$ cat my_file.tsv   # TSV, C-alpha atoms
chain	number	residue	atom	x	y	z
Q	910	MET	CA	28.36	26.54	-12.95
Q	911	ARG	CA	26.36	29.38	-11.40
Q	912	TYR	CA	23.09	27.72	-12.38
Q	913	ALA	CA	24.13	24.43	-10.79
Q	914	ARG	CA	24.89	26.20	-7.51
Q	915	LEU	CA	21.62	28.09	-7.68
Q	916	LEU	CA	19.63	24.90	-8.28
Q	917	THR	CA	21.51	23.03	-5.56
Q	918	GLY	CA	20.89	25.84	-3.07
Q	919	THR	CA	17.20	25.95	-3.94
Q	920	ALA	CA	16.86	22.19	-3.57
Q	921	LEU	CA	18.58	22.27	-0.17
Q	922	ALA	CA	16.34	25.11	1.01
Q	923	VAL	CA	13.20	23.21	0.00
Q	924	ALA	CA	14.45	20.05	1.73
Q	925	ALA	CA	15.29	21.98	4.91
Q	926	GLY	CA	11.85	23.59	4.88
Q	927	ALA	CA	10.16	20.20	4.53
Q	928	LEU	CA	12.12	18.87	7.50
Q	929	ALA	CA	11.21	21.90	9.61
Q	930	VAL	CA	7.45	21.24	9.39
Q	931	PRO	CA	6.19	20.63	12.94
Q	932	ALA	CA	4.73	17.24	13.84
Q	933	SER	CA	1.32	18.85	14.38
Q	934	ALA	CA	1.16	19.57	10.64
Q	935	ALA	CA	1.59	15.88	9.82
Q	936	PRO	CA	-1.44	14.16	8.32
Q	937	GLY	CA	-3.88	12.91	10.92
Q	938	PRO	CA	-7.54	13.19	11.71
Q	939	PRO	CA	-9.12	16.05	9.81
Q	940	ALA	CA	-9.56	19.06	12.09
Q	941	GLY	CA	-13.23	19.13	12.95
Q	942	GLY	CA	-14.02	16.53	10.30
Q	943	LEU	CA	-14.98	12.86	10.41
Q	944	GLU	CA	-12.18	10.31	10.24
Q	945	ILE	CA	-13.24	6.87	8.98
Q	946	ARG	CA	-10.93	3.87	9.42
Q	947	PRO	CA	-10.56	1.91	7.27
Q	948	ALA	CA	-11.87	4.17	4.53
Q	949	THR	CA	-12.14	1.29	2.02
Q	950	VAL	CA	-13.91	-1.84	3.25
Q	951	THR	CA	-15.67	-5.01	2.16
Q	952	PRO	CA	-19.19	-5.90	3.33
Q	953	GLY	CA	-19.18	-7.26	6.89
Q	954	THR	CA	-16.23	-5.12	8.06
Q	955	THR	CA	-16.32	-3.14	11.33
Q	956	VAL	CA	-15.55	0.55	10.81
Q	957	THR	CA	-14.22	3.00	13.42
Q	958	VAL	CA	-15.29	6.66	13.22
Q	959	ASN	CA	-13.54	9.55	15.06
Q	960	THR	CA	-14.12	13.29	15.25
Q	961	THR	CA	-12.77	16.24	17.21
Q	962	ALA	CA	-15.60	18.54	16.08
Q	963	CYS	CA	-17.71	17.98	19.21
Q	964	GLY	CA	-15.12	19.39	21.61
Q	965	SER	CA	-13.89	18.06	24.94
Q	966	GLY	CA	-16.38	15.62	26.45
Q	967	GLY	CA	-18.73	15.98	23.51
Q	968	THR	CA	-20.76	13.11	22.07
Q	969	ALA	CA	-22.32	12.57	18.67
Q	970	THR	CA	-24.87	10.46	16.90
Q	971	GLY	CA	-23.56	8.86	13.73
Q	972	ASP	CA	-25.67	8.00	10.72
Q	973	ALA	CA	-24.49	5.19	8.45
Q	974	SER	CA	-27.91	4.47	6.99
Q	975	ALA	CA	-26.62	5.35	3.51
Q	976	VAL	CA	-24.67	2.08	3.55
Q	977	GLY	CA	-27.46	0.28	5.45
Q	978	ALA	CA	-25.87	0.23	8.92
Q	979	GLY	CA	-28.27	2.64	10.69
Q	980	THR	CA	-27.27	4.94	13.53
Q	981	PHE	CA	-24.45	4.58	16.06
Q	982	THR	CA	-23.08	6.55	19.01
Q	983	LEU	CA	-19.77	8.40	19.22
Q	984	ALA	CA	-18.61	8.72	22.84
Q	985	PRO	CA	-15.75	10.75	24.33
Q	986	SER	CA	-12.41	8.96	24.27
Q	987	THR	CA	-11.10	7.54	27.57
Q	988	HIS	CA	-7.48	8.21	26.61
Q	989	PRO	CA	-6.08	11.41	28.21
Q	990	GLU	CA	-4.05	12.33	25.10
Q	991	SER	CA	-7.18	12.31	22.94
Q	992	SER	CA	-9.75	13.84	25.32
Q	993	GLU	CA	-11.13	16.01	22.49
Q	994	THR	CA	-12.00	12.96	20.35
Q	995	ALA	CA	-15.38	11.26	20.15
Q	996	ALA	CA	-15.24	7.74	18.72
Q	997	GLY	CA	-17.75	5.12	17.62
Q	998	ARG	CA	-18.09	1.94	15.56
Q	999	PHE	CA	-20.51	0.32	13.17
Q	1000	GLU	CA	-20.52	-2.75	10.96
Q	1001	VAL	CA	-21.03	-2.54	7.21
Q	1002	PRO	CA	-23.86	-4.98	6.45
Q	1003	PRO	CA	-22.97	-8.08	4.39
Q	1004	SER	CA	-25.61	-6.98	1.85
Q	1005	ALA	CA	-23.89	-3.62	1.17
Q	1006	GLN	CA	-23.31	-2.89	-2.51
Q	1007	PRO	CA	-19.99	-1.51	-3.86
Q	1008	GLY	CA	-19.82	2.27	-4.00
Q	1009	THR	CA	-18.96	5.41	-2.02
Q	1010	TYR	CA	-21.23	6.32	0.89
Q	1011	GLU	CA	-21.39	9.48	3.01
Q	1012	ILE	CA	-21.24	8.83	6.77
Q	1013	VAL	CA	-22.54	11.72	8.90
Q	1014	ALA	CA	-22.22	12.56	12.60
Q	1015	LYS	CA	-24.18	15.23	14.49
Q	1016	CYS	CA	-22.66	16.55	17.72
Q	1017	SER	CA	-24.69	16.56	20.93
Q	1018	GLY	CA	-23.90	16.57	24.63
Q	1019	SER	CA	-21.63	18.90	26.54
Q	1020	GLY	CA	-19.07	19.76	23.88
Q	1021	GLY	CA	-17.71	23.29	24.10
Q	1022	SER	CA	-17.49	26.24	21.72
Q	1023	GLY	CA	-20.84	25.86	19.98
Q	1024	ALA	CA	-20.23	22.28	18.95
Q	1025	LYS	CA	-23.77	21.17	19.74
Q	1026	ASN	CA	-25.77	20.36	16.59
Q	1027	LYS	CA	-22.62	20.62	14.45
Q	1028	LYS	CA	-22.57	18.13	11.55
Q	1029	VAL	CA	-19.47	16.49	10.10
Q	1030	ALA	CA	-19.21	13.95	7.29
Q	1031	GLY	CA	-16.75	11.58	5.66
Q	1032	ASP	CA	-16.74	9.10	2.80
Q	1033	LEU	CA	-16.68	5.30	3.09
Q	1034	MET	CA	-15.87	3.21	0.03
Q	1035	VAL	CA	-17.29	-0.32	-0.14
Q	1036	THR	CA	-15.63	-2.79	-2.53
Q	1037	ILE	CA	-16.38	-6.40	-3.39
Q	1038	THR	CA	-12.89	-7.67	-2.56
Q	1039	SER	CA	-10.38	-6.25	-0.13
Q	1040	THR	CA	-7.11	-4.89	-1.45
Q	1041	ALA	CA	-5.24	-7.43	0.75
Q	1042	ALA	CA	-7.13	-10.36	-0.82
Q	1043	ALA	CA	-6.49	-8.97	-4.31
Q	1044	GLY	CA	-2.75	-8.67	-3.52
Q	1045	GLU	CA	-2.65	-12.28	-2.28
Q	1046	ARG	CA	-4.34	-13.50	-5.44
Q	1047	GLN	CA	-1.69	-11.81	-7.60
Q	1048	GLN	CA	1.19	-13.42	-5.65
Q	1049	GLN	CA	0.81	-16.90	-7.19
Q	1050	LEU	CA	4.06	-18.76	-7.75
Q	1051	PRO	CA	4.86	-20.48	-11.06
Q	1052	LYS	CA	4.67	-24.27	-11.28
Q	1053	GLY	CA	6.49	-26.81	-13.47
Q	1054	HIS	CA	9.77	-26.84	-15.37
Q	1055	VAL	CA	11.31	-23.82	-16.99
Q	1056	LYS	CA	11.05	-24.21	-20.76
Q	1057	THR	CA	14.41	-22.86	-21.96
Q	1058	GLY	CA	14.96	-25.27	-24.84
Q	1059	VAL	CA	18.13	-26.84	-23.39
Q	1060	GLY	CA	16.73	-28.97	-20.60
Q	1061	GLY	CA	17.83	-29.08	-17.02
Q	1062	ALA	CA	19.35	-31.36	-14.43
Q	1063	LEU	CA	15.88	-32.34	-13.30
Q	1064	GLY	CA	14.38	-32.13	-16.78
Q	1065	PRO	CA	12.19	-34.83	-18.25
Q	1066	ASP	CA	14.73	-36.00	-20.88
Q	1067	PRO	CA	18.18	-37.14	-19.60
Q	1068	VAL	CA	19.46	-37.70	-23.17
Q	1069	GLN	CA	19.01	-34.02	-24.03
Q	1070	THR	CA	20.64	-33.05	-20.73
Q	1071	ALA	CA	23.69	-35.23	-21.50
Q	1072	ALA	CA	23.92	-33.79	-25.03
Q	1073	GLY	CA	23.86	-30.26	-23.63
Q	1074	VAL	CA	26.59	-31.02	-21.10
Q	1075	ALA	CA	28.72	-32.63	-23.84
Q	1076	ALA	CA	28.28	-29.58	-26.12
Q	1077	LEU	CA	29.36	-27.28	-23.30
Q	1078	ALA	CA	32.42	-29.45	-22.55
Q	1079	VAL	CA	33.49	-29.44	-26.24
Q	1080	ALA	CA	33.07	-25.65	-26.41
Q	1081	ALA	CA	35.13	-25.15	-23.24
Q	1082	ALA	CA	37.91	-27.48	-24.48
Q	1083	GLY	CA	37.99	-25.75	-27.89
Q	1084	GLY	CA	38.15	-22.31	-26.29
Q	1085	THR	CA	40.99	-23.39	-24.01
Q	1086	TRP	CA	42.93	-24.88	-26.96
Q	1087	LEU	CA	42.55	-21.63	-28.99
Q	1088	LEU	CA	43.69	-19.46	-26.08
Q	1089	HIS	CA	46.70	-21.74	-25.51
Q	1090	ARG	CA	47.75	-21.49	-29.19
Q	1091	ARG	CA	47.37	-17.73	-29.15
Q	1092	ALA	CA	49.54	-17.44	-26.03
Q	1093	ARG	CA	52.30	-19.46	-27.74
Q	1094	GLY	CA	52.18	-17.21	-30.77
Q	1095	ASP	CA	50.95	-19.85	-33.22
Q	1096	ARG	CA	48.78	-18.64	-36.06
Q	1097	ILE	CA	45.33	-20.11	-36.35

$ encode --input "my_file.tsv" --output "structure tokens"
Amino acid sequence: MRYARLLTGTALAVAAGALAVPASAAPGPPAGGLEIRPATVTPGTTVTVNTTACGSGGTATGDASAVGAGTFTLAPSTHPESSETAAGRFEVPPSAQPGTYEIVAKCSGSGGSGAKNKKVAGDLMVTITSTAAAGERQQQLPKGHVKTGVGGALGPDPVQTAAGVAALAVAAAGGTWLLHRRARGDRI
């Protein structure tokens, strides 16, 4: 009994601690890193890249030449709540081969706290098919009649359907007759 209370108390303490984690500790853009959305793409997809490493008002030059997309610019965000974020976009070329590619950004501009010339990187995974398309392909519905061996109301053979219904009716009548005899006290 003592062990059960000890385990219950420990579990409640862990749960309370998990709930007390501030919202700022929730997963989000990596602090000072390069956030790539979506991180897994198919060739021809437009990718958005964000970083907070360049500081407020900072810009960056992105390099996606590893995947064949060349360079792109990351500009300061126009949203007041994300004034520390520099964002940019590039398109993965249709000729990109499947694999994992490193995307790099080098800070420039007026970013504060020594952010100039700072490099950040993130990984981009290119696949042949998107995970959404693969999920749709697996969601195929069955076609045709269910092969249960008895037939069905819409089955191809009405004679077998009638025989099955008749067998069920005989079984139900026989069961009712046996229960009635048992209730009267007759021996079987």

$ closest_residue --input "my_file.tsv" --among "Q:Thr980, Q:Ala1014, Q:Ser992, Q:Ser986" --to "Ile945 in chain Q" --atoms "all atoms listed in the file"
Q:Ala1014

$ atom_distance --input "my_file.tsv" --atom1 "CA of Gly966 in chain Q" --atom2 "CA of Glu993 in chain Q"
6.6 Å

$ atom_distance --input "my_file.tsv" --atom1 "CA of Thr961 in chain Q" --atom2 "CA of Val1029 in chain Q"
9.8 Å

$ atom_distance --input "my_file.tsv" --atom1 "CA of Lys1028 in chain Q" --atom2 "CA of Ser965 in chain Q"
16.0 Å

$ residues_around --input "my_file.tsv" --residues "Thr951 in chain Q" --least-positions-apart "5" --cutoff "10 Å" --atoms "all atoms listed in the file" --output "VMD selection string"
chain Q and resid 1001 to 1003 1005 to 1007 1034 to 1040

$ closest_residue --input "my_file.tsv" --among "Q:Pro1067, Q:Gly953, Q:Gly1083, Q:Gly967" --to "Glu1000 in chain Q" --atoms "all atoms listed in the file"
Q:Gly953

$ closest_residue --input "my_file.tsv" --among "Q:Arg998, Q:Ser1004, Q:Ala1030, Q:Leu983" --to "Leu943 in chain Q" --atoms "only C-alpha atoms"
Q:Ala1030

$ closest_residue --input "my_file.tsv" --among "Q:Ala948, Q:Ala984, Q:Val976, Q:Ala996" --to "Thr960 in chain Q" --atoms "all atoms listed in the file"
Q:Ala996
